[in-house]
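Asks: Got a structure for you, written out below as structure tokens; questions coming shortly.
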Amino acid sequence: MRSKLIKPIRSSMKYKYPIFSVFLLWALLSYAQSFEIPSSFKHLKQVSNFDYIDGYVFTHSEVDTNVRSIKLDHYSNEYSDVCFPICFIKINKKDEDKTLVVFEPGPSMDPEFVFYKKEENKFKYLFRLGGQELYIPGNGNLYIVGLYNNMYTKKWKYTVENDLVYEVKQPYYEVGLKTICVQSIQLFSDQQFTEVLATLPAKSEIEIIAANSTDDHYLIKSSFGLLGWWKYEFDYGSLKRSAIPALYYHGD
């Protein structure tokens, strides 16, 4: 059963940088067209509701979205010049204090979620996580989805303890990209690339299943159904074309 497509909530708030906002809107709307909320989080509430940003935030029901008047004394990053407070929320429902969640579009397509803790009348910076989608189910975990500054749409799980965030390591990252190879490629039976499993001709249909933690070894399925490892290599000096153009770094 397919999960429900979620459309971003809009408001009348204006972005204060018109030229940049046009580019940002175009790029993020392209991302929005393919966005679907995972079925495991369909019970969560969408609380992101600002114009010109597609920083999707979904939370449990105990959330305070009365944050538009908040002004931060400083930004968490020297390159940040605009931010959008999203909500106050307990990352773990058992926590005593709520955390302020802020979305920063970034100066050059570097969207991030930034987290603050309110202390008296000031906000203390805690940590930041890059991505376009944030899920806060209330069990102390954060789930992030991000495309920009990555080779593919990547998914992370984090856990928060004592205002510190830790990534919950995965053996591999899901890629899930169906495409073609424009050049012949070899699939290997191991990540040491010692035994050739198959040689696929140019224009072969493939599916990139997963990647290792360094995003240079990819598990690829052939149209026949064979699974083998392929190493991503790109010569930045000569700008040599990759054998799989659909797989590239989405960033500066």
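Ordering of the structure tokens sets the chain letters (A, B, ...); residue numbers start at 1 within each chain; ligands are numbered from 1 in the order shown.
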Just the residues within 12 Å of Glu161 (chain A), please, counting only C-alpha atoms, with nothing from its chain fewer than 6 positions along; format it as a list in words.
Replies: Lys90, Ile91, Asn92, Lys94, Asp95, Leu126, Phe127, Asn139, Gly140, Asn141, Leu142 and Glu167 of chain A
Asks: Which residue, A:Phe224, A:Tyr166, A:Trp229, A:Tyr218, has the smallest gap to Thr194 (chain A) when you use only C-alpha atoms?
Replies: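 Comparing A:Phe224, A:Tyr166, A:Trp229, A:Tyr218 against Thr194 (chain A), the winner is A:Trp229.
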Asks: Excluding region 168-170 of chain A and its own-chain neighbours fewer than 3 positions away, which residues fall within 9 Å of it when counting only C-alpha atoms? Please give them as a list in words.
Replies: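 After dropping sequence-adjacent residues, the list is Trp156, Lys157, Tyr158, Thr159, Tyr173 and Ser213 of chain A.
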Asks: Please produce an output containing N, CA and C atoms for each residue in the selection, written as a short mmCIF file (atom, residue, chain, number, x, y, z; two decimals), in the first residue's frame.
Replies:
data_model
loop_
_atom_site.label_atom_id
_atom_site.label_comp_id
_atom_site.auth_asym_id
_atom_site.auth_seq_id
_atom_site.Cartn_x
_atom_site.Cartn_y
_atom_site.Cartn_z
N TRP A 156 18.64 8.99 7.77
CA TRP A 156 19.39 8.76 8.99
C TRP A 156 18.46 8.58 10.18
N LYS A 157 18.94 7.86 11.17
CA LYS A 157 18.28 7.79 12.46
C LYS A 157 19.25 8.30 13.51
N TYR A 158 18.78 9.22 14.36
CA TYR A 158 19.59 9.77 15.44
C TYR A 158 18.88 9.55 16.77
N THR A 159 19.64 9.49 17.83
CA THR A 159 19.06 9.46 19.16
C THR A 159 19.64 10.62 19.95
N TYR A 173 23.30 2.23 3.68
CA TYR A 173 22.25 3.22 3.47
C TYR A 173 21.45 2.82 2.23
N SER A 213 29.02 3.19 4.03
CA SER A 213 29.01 4.42 4.83
C SER A 213 29.79 5.56 4.18
#
Asks: Pick out each residue of region 18-247 of chain A that DSSP on the backbone tags as alpha helix (DSSP H); I need them as a PyMOL selection string.
Replies: chain A and resi 18-32
Asks: Deliver the residues from the most recent selection as a file, using C-alpha atoms, as a PDB file, in the first residue's frame.
Replies:
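Output (selection-v3.pdb):
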ATOM      1  CA  PRO A  18      13.448  37.856  -3.493  1.00  0.00           C
ATOM      2  CA  ILE A  19      16.090  36.669  -5.997  1.00  0.00           C
ATOM      3  CA  PHE A  20      17.385  33.921  -3.747  1.00  0.00           C
ATOM      4  CA  SER A  21      13.856  32.894  -2.837  1.00  0.00           C
ATOM      5  CA  VAL A  22      12.938  32.272  -6.498  1.00  0.00           C
ATOM      6  CA  PHE A  23      15.843  29.857  -6.907  1.00  0.00           C
ATOM      7  CA  LEU A  24      15.158  28.244  -3.552  1.00  0.00           C
ATOM      8  CA  LEU A  25      11.486  27.809  -4.357  1.00  0.00           C
ATOM      9  CA  TRP A  26      12.239  26.185  -7.720  1.00  0.00           C
ATOM     10  CA  ALA A  27      14.774  23.763  -6.276  1.00  0.00           C
ATOM     11  CA  LEU A  28      12.777  22.755  -3.236  1.00  0.00           C
ATOM     12  CA  LEU A  29       9.539  22.375  -5.183  1.00  0.00           C
ATOM     13  CA  SER A  30      11.357  19.886  -7.394  1.00  0.00           C
ATOM     14  CA  TYR A  31      12.136  17.926  -4.251  1.00  0.00           C
ATOM     15  CA  ALA A  32       8.551  18.304  -3.002  1.00  0.00           C
TER      16      ALA A  32
END
Asks: Pick out the residues sitting within 9 Å of Asp110 (chain A), and hand them over as a PyMOL selection string; count only C-alpha atoms, and ignore anything fewer than 6 positions along from it in its own chain.
Replies: chain A and resi 104+130-131+148-149+251
Asks: Would you save the residues of that selection, restricted to N, CA and C atoms, as a short mmCIF file (atom, residue, chain, number, x, y, z; two decimals), in the first residue's frame?
Replies:
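So again28.cif came out as:
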data_model
loop_
_atom_site.label_atom_id
_atom_site.label_comp_id
_atom_site.auth_asym_id
_atom_site.auth_seq_id
_atom_site.Cartn_x
_atom_site.Cartn_y
_atom_site.Cartn_z
N GLU A 104 16.76 26.06 8.63
CA GLU A 104 17.59 27.01 7.91
C GLU A 104 17.74 26.54 6.46
N GLY A 130 21.58 18.15 8.82
CA GLY A 130 21.21 18.50 7.46
C GLY A 130 20.09 17.62 6.95
N GLY A 131 19.20 18.22 6.15
CA GLY A 131 18.11 17.46 5.56
C GLY A 131 16.90 18.30 5.25
N TYR A 148 20.29 17.13 -0.55
CA TYR A 148 21.35 18.08 -0.85
C TYR A 148 22.59 17.79 -0.02
N ASN A 149 23.76 17.95 -0.68
CA ASN A 149 25.06 17.60 -0.11
C ASN A 149 25.21 16.10 0.09
N GLY A 251 25.35 19.11 -4.56
CA GLY A 251 25.85 20.18 -3.70
C GLY A 251 26.96 20.95 -4.39
#
Asks: Given only C-alpha atoms as the basis, pick out the residue of A:Glu62, A:Asp163, A:Glu120, A:Glu207 nearest to Pro137 (chain A).
Replies: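 Counting only C-alpha atoms, the residue closest to Pro137 (chain A) is A:Glu62.
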Asks: What's the 8 Å shell around His250 (chain A), counting only C-alpha atoms, without same-chain residues fewer than 2 positions away, as a CSV table (one decimal) with C-alpha atoms, in the first residue's frame?
Replies:
chain,number,residue,atom,x,y,z
A,147,LEU,CA,19.1,15.0,-0.7
A,148,TYR,CA,21.4,18.1,-0.9
A,149,ASN,CA,25.1,17.6,-0.1
A,150,ASN,CA,24.6,13.9,-0.7
A,151,MET,CA,24.9,11.5,-3.6
A,152,TYR,CA,21.3,10.4,-3.3
A,248,TYR,CA,26.1,12.4,-8.4
A,252,ASP,CA,28.7,22.7,-4.2
Asks: Would you compute the distance between CA of Asp64 (chain A) and CA of Pro107 (chain A)? Give it in Å to one decimal.
Replies: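 It comes out at 27.6 Å.
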Asks: Nearest to Ser222 (chain A) among A:Ser69, A:Thr179, A:Ser242, A:Gln191, with distances taken over only C-alpha atoms: which residue is it?
Replies: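 Looking only at the distances to Ser222 (chain A), the closest residue turns out to be A:Thr179.
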